[in-house]
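Asker: What follows is structure-v1.cif, mmCIF, C-alpha atoms and all ligand atoms.
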```
data_query
#
loop_
_atom_site.label_atom_id
_atom_site.label_comp_id
_atom_site.auth_asym_id
_atom_site.auth_seq_id
_atom_site.Cartn_x
_atom_site.Cartn_y
_atom_site.Cartn_z
CA MET A 259 -16.79 -50.41 2.93
CA SER A 260 -16.00 -47.00 1.50
CA THR A 261 -16.34 -43.88 3.66
CA PRO A 262 -19.37 -41.81 2.63
CA THR A 263 -18.62 -38.44 0.99
CA VAL A 264 -18.95 -35.44 3.25
CA ASN A 265 -21.02 -32.70 1.61
CA ILE A 266 -21.32 -29.65 3.82
CA LEU A 267 -23.87 -26.94 3.19
CA VAL A 268 -22.32 -23.74 4.54
CA THR A 269 -25.05 -21.13 4.64
CA GLY A 270 -23.93 -17.51 4.69
CA GLY A 271 -20.53 -18.56 3.33
CA ALA A 272 -20.03 -15.21 1.56
CA GLY A 273 -20.14 -13.27 4.83
CA PHE A 274 -17.28 -12.55 7.21
CA ILE A 275 -17.07 -15.73 9.31
CA GLY A 276 -18.53 -17.94 6.56
CA THR A 277 -15.79 -16.86 4.15
CA ASN A 278 -13.10 -17.66 6.69
CA PHE A 279 -14.77 -21.01 7.45
CA VAL A 280 -14.99 -22.00 3.77
CA ARG A 281 -11.29 -21.19 3.33
CA TYR A 282 -10.38 -22.98 6.56
CA MET A 283 -12.27 -26.16 5.66
CA LEU A 284 -10.99 -26.35 2.07
CA ALA A 285 -7.45 -26.26 3.48
CA LYS A 286 -7.99 -28.46 6.55
CA ARG A 287 -10.41 -31.03 5.09
CA PRO A 288 -9.48 -31.37 1.41
CA ALA A 289 -11.73 -34.41 0.91
CA TYR A 290 -14.92 -32.57 1.86
CA ASN A 291 -17.24 -30.90 -0.62
CA ILE A 292 -18.21 -27.40 0.47
CA ILE A 293 -21.43 -25.95 -0.90
CA ASN A 294 -21.71 -22.27 -0.07
CA TYR A 295 -25.40 -21.26 -0.01
CA ASP A 296 -25.79 -17.51 0.35
CA LYS A 297 -28.45 -14.95 -0.54
CA LEU A 298 -25.83 -12.24 -1.14
CA THR A 299 -27.42 -9.54 0.96
CA TYR A 300 -25.39 -6.36 1.47
CA ALA A 301 -23.17 -8.44 3.82
CA GLY A 302 -22.40 -11.17 1.30
CA ASN A 303 -19.32 -10.56 -0.82
CA LEU A 304 -18.24 -13.17 -3.33
CA GLU A 305 -15.01 -11.31 -3.98
CA ASN A 306 -13.91 -12.77 -0.63
CA LEU A 307 -13.75 -16.17 -2.29
CA LYS A 308 -12.34 -15.21 -5.67
CA ASN A 309 -9.30 -17.48 -5.46
CA VAL A 310 -11.15 -20.56 -4.22
CA GLU A 311 -13.87 -20.42 -6.87
CA THR A 312 -12.04 -22.73 -9.23
CA LYS A 313 -11.43 -25.41 -6.61
CA GLN A 314 -13.16 -28.65 -7.48
CA LYS A 315 -14.43 -29.13 -3.93
CA TYR A 316 -16.13 -25.72 -3.77
CA THR A 317 -19.53 -24.77 -5.19
CA PHE A 318 -21.51 -21.56 -4.84
CA VAL A 319 -25.31 -21.46 -4.88
CA LYS A 320 -27.12 -18.14 -4.67
CA GLY A 321 -30.04 -18.92 -2.38
CA ASP A 322 -32.18 -17.87 0.54
CA ILE A 323 -32.52 -20.03 3.68
CA CYS A 324 -36.19 -18.95 3.79
CA ASP A 325 -36.82 -20.65 0.42
CA ALA A 326 -37.70 -24.29 1.18
CA GLU A 327 -37.99 -25.31 -2.47
CA GLN A 328 -34.57 -24.01 -3.39
CA LEU A 329 -33.08 -25.60 -0.29
CA LYS A 330 -34.61 -28.97 -1.18
CA ALA A 331 -33.28 -28.76 -4.74
CA THR A 332 -29.82 -27.94 -3.36
CA PHE A 333 -29.85 -30.74 -0.77
CA GLU A 334 -30.88 -33.17 -3.48
CA LYS A 335 -28.42 -32.03 -6.11
CA TYR A 336 -25.39 -31.98 -3.81
CA HIS A 337 -26.36 -34.84 -1.46
CA ILE A 338 -26.02 -32.60 1.57
CA ASN A 339 -25.34 -34.54 4.76
CA ILE A 340 -23.98 -31.77 7.03
CA VAL A 341 -25.26 -28.23 7.60
CA VAL A 342 -23.37 -25.35 9.20
CA ASN A 343 -25.72 -22.39 9.49
CA PHE A 344 -23.96 -19.01 9.44
CA ALA A 345 -26.64 -17.24 7.38
CA ALA A 346 -28.09 -14.37 9.38
CA GLU A 347 -28.67 -10.69 9.63
CA SER A 348 -25.83 -9.95 12.02
CA HIS A 349 -25.58 -6.25 12.84
CA VAL A 350 -27.15 -5.01 16.08
CA ASP A 351 -27.52 -1.39 14.90
CA ARG A 352 -29.43 -2.49 11.79
CA SER A 353 -31.78 -4.58 13.97
CA ILE A 354 -32.63 -1.42 15.92
CA LEU A 355 -33.50 0.40 12.68
CA GLY A 356 -35.59 -2.50 11.31
CA ALA A 357 -36.20 -5.78 13.13
CA LYS A 358 -38.43 -7.59 10.63
CA VAL A 359 -35.76 -8.99 8.33
CA PHE A 360 -33.94 -10.28 11.42
CA VAL A 361 -36.97 -12.34 12.39
CA GLU A 362 -37.47 -13.49 8.79
CA THR A 363 -33.90 -14.69 8.22
CA ASN A 364 -32.70 -15.61 11.69
CA VAL A 365 -35.88 -17.23 13.00
CA LEU A 366 -37.99 -18.31 10.00
CA GLY A 367 -34.94 -19.00 7.84
CA THR A 368 -33.41 -21.24 10.50
CA GLN A 369 -36.72 -23.07 10.97
CA THR A 370 -36.99 -23.64 7.19
CA LEU A 371 -33.43 -24.96 7.10
CA LEU A 372 -34.14 -27.25 10.06
CA GLU A 373 -37.24 -28.63 8.35
CA VAL A 374 -35.39 -29.41 5.11
CA SER A 375 -32.48 -30.87 7.08
CA LYS A 376 -34.95 -33.17 8.83
CA GLU A 377 -36.48 -34.22 5.53
CA PHE A 378 -33.04 -35.10 4.16
CA ALA A 379 -31.92 -36.71 7.46
CA VAL A 380 -28.62 -34.82 7.73
CA LYS A 381 -25.96 -36.29 10.01
CA ARG A 382 -25.09 -33.02 11.75
CA PHE A 383 -26.67 -29.57 11.96
CA ILE A 384 -24.46 -26.89 13.51
CA GLN A 385 -26.18 -23.65 14.49
CA VAL A 386 -23.68 -20.80 14.70
CA SER A 387 -25.06 -18.67 17.49
CA THR A 388 -23.70 -15.88 19.65
CA ASP A 389 -22.93 -14.95 23.25
CA GLU A 390 -25.38 -12.04 22.83
CA VAL A 391 -28.30 -14.41 23.50
CA TYR A 392 -27.25 -14.40 27.18
CA GLY A 393 -27.77 -10.64 27.52
CA SER A 394 -25.41 -8.40 29.44
CA LEU A 395 -23.00 -8.90 32.36
CA GLY A 396 -22.01 -6.49 35.10
CA GLU A 397 -18.38 -5.94 36.11
CA THR A 398 -17.87 -9.59 37.08
CA GLY A 399 -18.95 -13.09 36.04
CA PHE A 400 -18.99 -15.11 32.82
CA PHE A 401 -21.60 -16.64 30.52
CA THR A 402 -21.73 -20.44 30.80
CA GLU A 403 -23.90 -22.76 28.72
CA GLU A 404 -26.35 -22.77 31.66
CA THR A 405 -26.79 -18.97 31.77
CA PRO A 406 -30.47 -18.18 30.98
CA LEU A 407 -31.18 -16.57 27.64
CA GLN A 408 -31.86 -12.87 28.15
CA ALA A 409 -31.47 -11.22 24.76
CA ASN A 410 -31.66 -7.42 24.71
CA SER A 411 -31.60 -6.38 21.04
CA PRO A 412 -33.87 -7.48 18.20
CA TYR A 413 -30.76 -9.14 16.70
CA SER A 414 -29.97 -11.20 19.77
CA ALA A 415 -33.66 -11.97 20.36
CA SER A 416 -33.88 -13.40 16.84
CA LYS A 417 -30.74 -15.49 17.42
CA ALA A 418 -32.16 -16.74 20.73
CA GLY A 419 -35.39 -17.68 18.92
CA ALA A 420 -33.36 -19.67 16.41
CA ASP A 421 -31.45 -21.43 19.20
CA LEU A 422 -34.71 -22.54 20.82
CA LEU A 423 -35.99 -23.89 17.51
CA VAL A 424 -32.75 -25.82 17.02
CA ARG A 425 -33.13 -27.27 20.50
CA ALA A 426 -36.76 -28.16 19.74
CA TYR A 427 -35.81 -30.00 16.53
CA PHE A 428 -33.31 -32.03 18.54
CA GLU A 429 -35.72 -32.80 21.38
CA THR A 430 -38.80 -33.44 19.24
CA PHE A 431 -37.43 -34.91 16.02
CA LYS A 432 -33.99 -36.14 17.16
CA LEU A 433 -32.36 -34.05 14.45
CA PRO A 434 -28.64 -34.26 15.35
CA CYS A 435 -28.16 -30.57 16.18
CA LEU A 436 -25.40 -28.74 18.04
CA ILE A 437 -25.27 -25.05 18.94
CA THR A 438 -22.14 -22.91 19.27
CA ARG A 439 -22.22 -19.53 21.02
CA CYS A 440 -19.21 -17.42 20.25
CA SER A 441 -18.01 -14.03 21.42
CA ASN A 442 -17.10 -11.09 19.12
CA ASN A 443 -14.94 -12.06 16.16
CA TYR A 444 -12.38 -9.98 14.30
CA GLY A 445 -10.08 -10.65 11.35
CA PRO A 446 -9.88 -10.48 7.54
CA TYR A 447 -13.04 -9.92 5.44
CA GLN A 448 -15.16 -8.36 8.21
CA PHE A 449 -17.68 -5.90 6.78
CA PRO A 450 -16.66 -2.36 7.75
CA GLU A 451 -19.85 -1.65 9.69
CA LYS A 452 -18.53 -3.61 12.71
CA LEU A 453 -16.32 -1.88 15.27
CA ILE A 454 -12.80 -3.06 14.39
CA PRO A 455 -12.92 -2.74 10.57
CA LEU A 456 -14.92 0.49 10.88
CA VAL A 457 -12.20 2.03 13.07
CA ILE A 458 -9.43 0.89 10.71
CA VAL A 459 -11.16 2.14 7.57
CA ASN A 460 -12.23 5.48 9.07
CA ALA A 461 -8.76 6.06 10.50
CA LEU A 462 -7.13 5.33 7.14
CA ASN A 463 -9.54 7.83 5.55
CA ASP A 464 -8.91 10.37 8.37
CA LYS A 465 -12.62 10.29 9.20
CA PRO A 466 -14.16 10.60 12.71
CA ILE A 467 -14.49 7.38 14.70
CA PRO A 468 -17.88 7.13 16.44
CA VAL A 469 -17.60 5.63 19.92
CA TYR A 470 -20.97 4.91 21.55
CA GLY A 471 -21.69 6.24 25.06
CA ASP A 472 -18.68 6.31 27.38
CA GLY A 473 -16.78 3.74 25.30
CA MET A 474 -16.37 1.47 28.32
CA ASN A 475 -18.52 -1.40 27.04
CA VAL A 476 -16.54 -4.62 27.11
CA ARG A 477 -16.48 -7.42 24.53
CA ASP A 478 -14.52 -10.71 24.60
CA TRP A 479 -12.66 -10.73 21.26
CA LEU A 480 -11.76 -13.89 19.34
CA PHE A 481 -9.72 -14.12 16.14
CA VAL A 482 -11.97 -15.50 13.40
CA GLU A 483 -9.71 -18.47 12.58
CA ASP A 484 -10.03 -19.63 16.18
CA HIS A 485 -13.81 -19.55 15.75
CA CYS A 486 -13.44 -21.65 12.58
CA SER A 487 -11.27 -24.24 14.34
CA ALA A 488 -13.80 -24.38 17.18
CA ILE A 489 -16.68 -25.05 14.79
CA ASP A 490 -14.64 -27.74 13.04
CA THR A 491 -13.96 -29.29 16.46
CA VAL A 492 -17.63 -29.21 17.45
CA LEU A 493 -18.59 -30.70 14.07
CA HIS A 494 -16.25 -33.67 14.55
CA LYS A 495 -16.17 -34.20 18.31
CA GLY A 496 -19.23 -32.44 19.72
CA LYS A 497 -22.10 -34.32 21.31
CA VAL A 498 -25.47 -33.84 19.61
CA GLY A 499 -28.01 -31.82 21.58
CA GLU A 500 -25.25 -29.85 23.33
CA VAL A 501 -24.41 -26.16 23.41
CA TYR A 502 -20.75 -25.07 23.33
CA ASN A 503 -19.56 -21.60 24.29
CA ILE A 504 -16.55 -20.31 22.35
CA GLY A 505 -14.46 -17.42 23.62
CA GLY A 506 -11.00 -15.97 23.65
CA ASN A 507 -10.54 -14.83 27.26
CA ASN A 508 -9.72 -11.53 25.72
CA GLU A 509 -11.89 -8.83 27.27
CA MET A 510 -11.33 -5.23 26.35
CA PRO A 511 -13.27 -1.93 26.55
CA ASN A 512 -14.06 -0.32 23.20
CA THR A 513 -11.95 2.80 23.81
CA GLU A 514 -8.87 0.69 24.45
CA ILE A 515 -9.32 -1.14 21.13
CA VAL A 516 -9.79 2.13 19.27
CA ARG A 517 -6.62 3.55 20.87
CA ARG A 518 -4.57 0.47 19.96
CA ILE A 519 -5.67 0.67 16.34
CA LEU A 520 -4.94 4.40 16.12
CA ALA A 521 -1.52 3.86 17.69
CA TYR A 522 -0.67 1.11 15.19
CA LEU A 523 -1.74 3.31 12.27
CA GLN A 524 -0.03 6.37 13.77
CA LYS A 525 -3.28 8.34 13.61
CA PRO A 526 -4.30 10.95 16.22
CA GLU A 527 -6.74 10.20 19.05
CA SER A 528 -8.52 13.42 18.09
CA LEU A 529 -10.34 11.32 15.47
CA ILE A 530 -12.36 9.71 18.31
CA LYS A 531 -15.85 11.17 18.57
CA PHE A 532 -18.04 10.12 21.50
CA VAL A 533 -21.62 9.86 20.19
CA THR A 534 -25.08 9.00 21.57
CA ASP A 535 -25.18 5.51 23.00
CA ARG A 536 -26.72 2.54 21.18
CA PRO A 537 -30.22 1.92 22.66
CA GLY A 538 -30.19 -1.16 24.92
CA HIS A 539 -26.38 -1.31 24.61
CA ASP A 540 -25.10 -4.44 26.39
CA ARG A 541 -22.42 -3.46 28.89
CA ARG A 542 -20.20 -6.48 29.01
CA TYR A 543 -19.84 -9.92 27.43
CA ALA A 544 -17.43 -12.54 28.77
CA ILE A 545 -17.47 -16.19 27.80
CA ASP A 546 -16.58 -19.17 29.96
CA SER A 547 -15.40 -21.70 27.38
CA THR A 548 -14.33 -24.40 29.87
CA LYS A 549 -16.72 -26.94 28.36
CA ILE A 550 -15.31 -26.96 24.81
CA GLN A 551 -11.75 -26.81 26.16
CA ARG A 552 -12.24 -29.62 28.66
CA ASP A 553 -14.57 -31.95 26.71
CA LEU A 554 -13.38 -31.41 23.14
CA GLY A 555 -9.78 -30.24 23.63
CA TRP A 556 -10.16 -26.97 21.71
CA LYS A 557 -8.28 -23.83 22.60
CA PRO A 558 -7.64 -20.56 20.77
CA ALA A 559 -4.28 -20.21 19.03
CA ASP A 560 -4.24 -16.39 18.98
CA THR A 561 -4.60 -13.41 21.28
CA PHE A 562 -5.15 -9.73 20.61
CA GLU A 563 -1.40 -9.20 20.92
CA THR A 564 -0.73 -11.48 17.94
CA ALA A 565 -3.87 -11.20 15.81
CA LEU A 566 -4.93 -7.54 16.11
CA PRO A 567 -1.76 -6.25 14.35
CA ARG A 568 -2.17 -8.97 11.70
CA THR A 569 -5.78 -7.93 11.18
CA ILE A 570 -4.91 -4.24 10.81
CA GLN A 571 -2.13 -5.19 8.40
CA TRP A 572 -4.62 -7.20 6.32
CA TYR A 573 -6.81 -4.10 5.89
CA LEU A 574 -3.72 -2.08 4.96
CA ASN A 575 -2.72 -4.70 2.37
CA ASN A 576 -6.24 -5.09 0.99
CA ARG A 577 -7.32 -1.51 0.53
CA ALA A 578 -9.00 -2.28 -2.81
CA TRP A 579 -11.22 -4.89 -1.08
CA TRP A 580 -12.77 -2.41 1.35
CA GLU A 581 -12.78 0.48 -1.10
CA ARG A 582 -14.98 -1.62 -3.39
CA ILE A 583 -17.33 -2.11 -0.44
CA LEU A 584 -17.46 1.60 0.29
CA SER A 585 -18.20 2.34 -3.39
CA GLY A 586 -20.74 -0.51 -3.71
CA ASP A 587 -18.81 -2.12 -6.60
CA TYR A 588 -18.43 -5.43 -4.73
CA GLN A 589 -22.13 -6.10 -5.37
CA LYS A 590 -21.56 -6.31 -9.12
CA TYR A 591 -19.27 -9.33 -8.85
CA TYR A 592 -21.94 -12.04 -8.89
CA GLU A 593 -23.63 -10.57 -11.94
CA LEU A 594 -20.33 -10.30 -13.82
CA GLN A 595 -18.82 -13.65 -12.85
CA TYR A 596 -21.80 -15.97 -12.46
CA GLU A 597 -24.85 -14.70 -14.33
CA LYS A 598 -22.99 -14.46 -17.61
CA ARG A 599 -21.96 -18.14 -17.37
P1 LIG B 1 -22.20 -11.41 8.09
O1 LIG B 1 -23.31 -10.41 8.22
O2 LIG B 1 -20.84 -10.94 7.72
O3 LIG B 1 -22.62 -12.52 7.01
C1 LIG B 1 -23.90 -13.06 6.93
C2 LIG B 1 -24.02 -13.79 5.59
O4 LIG B 1 -25.33 -14.40 5.54
C3 LIG B 1 -23.92 -12.89 4.36
O5 LIG B 1 -23.07 -13.47 3.40
C4 LIG B 1 -25.35 -12.80 3.84
O6 LIG B 1 -25.43 -12.60 2.44
C5 LIG B 1 -25.90 -14.16 4.26
N1 LIG B 1 -27.36 -14.15 4.40
C6 LIG B 1 -28.14 -13.25 5.04
N2 LIG B 1 -29.43 -13.58 4.93
C7 LIG B 1 -29.48 -14.76 4.24
C8 LIG B 1 -30.53 -15.62 3.84
N3 LIG B 1 -31.81 -15.33 4.11
N4 LIG B 1 -30.22 -16.75 3.17
C9 LIG B 1 -28.93 -17.05 2.86
N5 LIG B 1 -27.89 -16.25 3.21
C10 LIG B 1 -28.17 -15.13 3.90
O7 LIG B 1 -22.18 -12.19 9.46
P2 LIG B 1 -20.94 -12.82 10.26
O8 LIG B 1 -20.37 -11.79 11.13
O9 LIG B 1 -20.09 -13.58 9.32
O10 LIG B 1 -21.73 -13.84 11.21
C11 LIG B 1 -22.04 -15.15 10.75
C12 LIG B 1 -22.85 -15.87 11.82
O11 LIG B 1 -22.10 -15.92 13.03
C13 LIG B 1 -24.16 -15.19 12.18
O12 LIG B 1 -25.13 -16.19 12.36
C14 LIG B 1 -23.87 -14.46 13.46
O13 LIG B 1 -25.03 -14.34 14.25
C15 LIG B 1 -22.85 -15.36 14.11
N6 LIG B 1 -21.88 -14.71 15.01
C16 LIG B 1 -21.17 -13.64 14.60
C17 LIG B 1 -20.21 -13.07 15.45
C18 LIG B 1 -19.37 -11.88 15.03
O14 LIG B 1 -18.64 -11.34 15.85
N7 LIG B 1 -19.42 -11.44 13.78
C19 LIG B 1 -20.01 -13.62 16.71
C20 LIG B 1 -20.76 -14.74 17.11
C21 LIG B 1 -21.68 -15.27 16.23
O1 LIG B 2 -19.46 2.63 15.37
C1 LIG B 2 -19.45 1.90 16.39
N1 LIG B 2 -19.11 2.44 17.60
C2 LIG B 2 -19.12 1.72 18.76
O2 LIG B 2 -18.81 2.25 19.83
C3 LIG B 2 -19.82 0.51 16.33
C4 LIG B 2 -20.21 -0.13 15.02
C5 LIG B 2 -19.79 -0.21 17.51
N2 LIG B 2 -19.47 0.38 18.69
C6 LIG B 2 -19.47 -0.44 19.93
C7 LIG B 2 -20.73 -1.22 20.20
C8 LIG B 2 -20.21 -2.46 20.90
O3 LIG B 2 -20.05 -2.18 22.29
O4 LIG B 2 -18.44 -1.42 19.76
C9 LIG B 2 -18.83 -2.69 20.29
C10 LIG B 2 -18.82 -3.72 19.19
O5 LIG B 2 -19.87 -3.40 18.30
P1 LIG B 2 -20.18 -4.29 16.99
O6 LIG B 2 -18.94 -4.44 16.20
O7 LIG B 2 -21.40 -3.72 16.34
O8 LIG B 2 -20.47 -5.72 17.65
P2 LIG B 2 -21.54 -6.22 18.74
O9 LIG B 2 -22.71 -5.33 18.81
O10 LIG B 2 -20.79 -6.50 20.00
O11 LIG B 2 -22.00 -7.61 18.04
C11 LIG B 2 -21.03 -8.46 17.39
O12 LIG B 2 -20.65 -9.53 18.21
C12 LIG B 2 -21.56 -10.58 18.41
C13 LIG B 2 -21.55 -8.99 16.06
O13 LIG B 2 -21.96 -7.90 15.24
C14 LIG B 2 -22.65 -9.97 16.24
O14 LIG B 2 -23.06 -10.51 14.99
C15 LIG B 2 -22.18 -11.07 17.14
O15 LIG B 2 -23.24 -11.94 17.43
#
```
Please lay out the structure from this file as structure tokens.
Ligand code: NAD
Ligand code: TDX
Answerer:
Amino acid sequence: MSTPTVNILVTGGAGFIGTNFVRYMLAKRPAYNIINYDKLTYAGNLENLKNVETKQKYTFVKGDICDAEQLKATFEKYHINIVVNFAAESHVDRSILGAKVFVETNVLGTQTLLEVSKEFAVKRFIQVSTDEVYGSLGETGFFTEETPLQANSPYSASKAGADLLVRAYFETFKLPCLITRCSNNYGPYQFPEKLIPLVIVNALNDKPIPVYGDGMNVRDWLFVEDHCSAIDTVLHKGKVGEVYNIGGNNEMPNTEIVRRILAYLQKPESLIKFVTDRPGHDRRYAIDSTKIQRDLGWKPADTFETALPRTIQWYLNNRAWWERILSGDYQKYYELQYEKR
């Protein structure tokens, strides 16, 4: 009997983590077909995938996860049997300025995707969630998979809503779902609105670096490729219905990260500007990833010591990539490369 073809719908594959995941899977699993389904919001950048576009195993579909009809047509056309859902509005500050689109994409979009996945009886549905659904920690302690959900921002509330829907589709309809909850990622192709790329880009342009509040908020940073390998592990070895926390054991206050980047770039600390705090700013995130390490044998390959310099170097080597984001030119790529075809 021949092995069935694996056709993975990667939603949000033109965003930061999605891009890295598409690249990771094409290299690691050359027999799989990867269908990147992305709406191309401001955060989607097809230039990220320029040199994989011609690969036979890669297809791009411009589409919205809220659009059931387009999803159905895509599932049918490409015989989708696995879904990895990265598509989301992902920036906390934007959710404070306007929460509606977060509910539309993160909650309704996920529910629409679940419904279509049920109709097409997919073999696995991976929901890429976040540690932010657990809320905020004090000076001590870690988030485990049993920590109650206590989201504090409209972003994390919408992600928590999606997680509960995924759980409900598993419990009620036996859709084979798994949820991953990862800590803060960093690495190549991250949109320069998030802390690490923002600091690098502003420093290289000798512009002020806004640090919220006292700068002592702590995040648990994970190199994006380690997140990709964790998702691949959960996809192949995870147990359906389970939640897996993913983290790097790499806690650091924001000011320390900013200082390390400035030191690497030989830029002065006088660029740091302490500004009004983010409303509802979570103080500390720290992930206990014992479960995925013990049950599935995953562990991160990198630490800040190895991967932060590599990340900064990537932004130095790819100045044109982020300059085209700052100018807005990156948004013309789809029109020029795809619509004319
Ligand atoms: P991102 O903002 O860089 O990318 C999101 C992508 O989703 C973009 O390409 C965008 O065009 C696409 N998209 C948005 N709305 C869509 C819609 N309605 N239909 C189809 N596509 C749509 O985000 P990211 O940082 O790559 O995060 C990816 C996922 O991982 C998100 O679900 C996020 O919650 C989660 N996550 C992120 C981090 C992190 O540190 N960045 C950590 C843990 C979990
Ligand atoms: O200009 C800034 N100044 C600043 O001090 C920005 C953009 C951020 N910060 C602080 C806020 C946070 O304490 O840096 C920390 C990191 O901020 P972000 O990069 O916005 O990430 P965070 O809010 O922690 O959320 C991220 O990690 C979890 C992702 O954006 C989410 O999508 C993911 O779920």
Asker: Please identify every polymer residue within 9 Å of ligand LIG 2 (chain B), using all atoms listed in the file, and present the set as a tab-separated table (two decimals) with C-alpha atoms, in the frame of the given file.
Answerer:
```
chain	number	residue	atom	x	y	z
A	346	ALA	CA	-28.09	-14.37	9.38
A	347	GLU	CA	-28.67	-10.69	9.63
A	348	SER	CA	-25.83	-9.95	12.02
A	349	HIS	CA	-25.58	-6.25	12.84
A	350	VAL	CA	-27.15	-5.01	16.08
A	351	ASP	CA	-27.52	-1.39	14.90
A	387	SER	CA	-25.06	-18.67	17.49
A	388	THR	CA	-23.70	-15.88	19.65
A	389	ASP	CA	-22.93	-14.95	23.25
A	390	GLU	CA	-25.38	-12.04	22.83
A	391	VAL	CA	-28.30	-14.41	23.50
A	413	TYR	CA	-30.76	-9.14	16.70
A	414	SER	CA	-29.97	-11.20	19.77
A	417	LYS	CA	-30.74	-15.49	17.42
A	439	ARG	CA	-22.22	-19.53	21.02
A	440	CYS	CA	-19.21	-17.42	20.25
A	441	SER	CA	-18.01	-14.03	21.42
A	442	ASN	CA	-17.10	-11.09	19.12
A	443	ASN	CA	-14.94	-12.06	16.16
A	444	TYR	CA	-12.38	-9.98	14.30
A	450	PRO	CA	-16.66	-2.36	7.75
A	451	GLU	CA	-19.85	-1.65	9.69
A	452	LYS	CA	-18.53	-3.61	12.71
A	453	LEU	CA	-16.32	-1.88	15.27
A	454	ILE	CA	-12.80	-3.06	14.39
A	455	PRO	CA	-12.92	-2.74	10.57
A	456	LEU	CA	-14.92	0.49	10.88
A	457	VAL	CA	-12.20	2.03	13.07
A	467	ILE	CA	-14.49	7.38	14.70
A	468	PRO	CA	-17.88	7.13	16.44
A	469	VAL	CA	-17.60	5.63	19.92
A	470	TYR	CA	-20.97	4.91	21.55
A	471	GLY	CA	-21.69	6.24	25.06
A	472	ASP	CA	-18.68	6.31	27.38
A	473	GLY	CA	-16.78	3.74	25.30
A	474	MET	CA	-16.37	1.47	28.32
A	475	ASN	CA	-18.52	-1.40	27.04
A	476	VAL	CA	-16.54	-4.62	27.11
A	477	ARG	CA	-16.48	-7.42	24.53
A	478	ASP	CA	-14.52	-10.71	24.60
A	479	TRP	CA	-12.66	-10.73	21.26
A	511	PRO	CA	-13.27	-1.93	26.55
A	512	ASN	CA	-14.06	-0.32	23.20
A	513	THR	CA	-11.95	2.80	23.81
A	532	PHE	CA	-18.04	10.12	21.50
A	533	VAL	CA	-21.62	9.86	20.19
A	535	ASP	CA	-25.18	5.51	23.00
A	536	ARG	CA	-26.72	2.54	21.18
A	539	HIS	CA	-26.38	-1.31	24.61
A	540	ASP	CA	-25.10	-4.44	26.39
A	541	ARG	CA	-22.42	-3.46	28.89
A	542	ARG	CA	-20.20	-6.48	29.01
A	543	TYR	CA	-19.84	-9.92	27.43
```
Asker: As a ChimeraX atom specification, please: every protein or nucleic acid residue near ligand LIG 1 (chain B) (cut-off 6 Å, counting all atoms listed in the file).
Answerer: /A:269-276,296-299,301-302,321-324,344-348,363,386-388,440-443
Asker: Would you kindly return, as a PDB file with C-alpha atoms, keeping the file's coordinate frame, each protein, DNA or RNA residue with an atom no farther than 9 Å from any atom of Val380 (chain A), considering all atoms listed in the file and excluding same-chain residues fewer than 2 positions away?
Answerer:
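What ended up in result_18.pdb:
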```pdb
ATOM      1  CA  ILE A 338     -26.020 -32.600   1.570  1.00  0.00           C
ATOM      2  CA  ASN A 339     -25.340 -34.540   4.760  1.00  0.00           C
ATOM      3  CA  ILE A 340     -23.980 -31.770   7.030  1.00  0.00           C
ATOM      4  CA  VAL A 341     -25.260 -28.230   7.600  1.00  0.00           C
ATOM      5  CA  SER A 375     -32.480 -30.870   7.080  1.00  0.00           C
ATOM      6  CA  LYS A 376     -34.950 -33.170   8.830  1.00  0.00           C
ATOM      7  CA  GLU A 377     -36.480 -34.220   5.530  1.00  0.00           C
ATOM      8  CA  PHE A 378     -33.040 -35.100   4.160  1.00  0.00           C
ATOM      9  CA  ARG A 382     -25.090 -33.020  11.750  1.00  0.00           C
ATOM     10  CA  PHE A 383     -26.670 -29.570  11.960  1.00  0.00           C
ATOM     11  CA  LEU A 433     -32.360 -34.050  14.450  1.00  0.00           C
ATOM     12  CA  PRO A 434     -28.640 -34.260  15.350  1.00  0.00           C
TER      13      PRO A 434
END
```
Asker: For Val374 (chain A), which of A:Leu436, A:Ala409, A:Leu267, A:Ala461 is the closest residue, counting only C-alpha atoms?
Answerer: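 Going through A:Leu436, A:Ala409, A:Leu267, A:Ala461 one by one, the smallest distance to Val374 (chain A) is for A:Leu267.
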Asker: Give the answer as one residue: which of A:Ala415, A:Cys486, A:Val498, A:Leu480 has the shortest atom-to-atom distance to Asn278 (chain A), using all atoms listed in the file?
Answerer: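 Comparing A:Ala415, A:Cys486, A:Val498, A:Leu480 against Asn278 (chain A), the winner is A:Cys486.
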Asker: Would you pick out the contacts of region 281-294 of chain A at 8 Å or less, using only C-alpha atoms, so that residues sharing its chain but fewer than 3 positions from it are not included, and give the list as a count of residues only?
Answerer: 24
Asker: Trp572 (chain A): which residues within 9 Å, counting all atoms listed in the file, same-chain residues fewer than 3 positions away excluded, as a list of chain:residue names?
Answerer: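 Everything that qualifies: A:Gly445, A:Pro446, A:Tyr447, A:Pro567, A:Arg568, A:Thr569, A:Asn575, A:Asn576, A:Arg577.
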Asker: Counting only C-alpha atoms, figure out which residue out of A:Pro412, A:Gly538, A:Gly367, A:Pro558 gets nearest to Val482 (chain A).
Answerer: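 For Val482 (chain A), the nearest of the given residues is A:Pro558.
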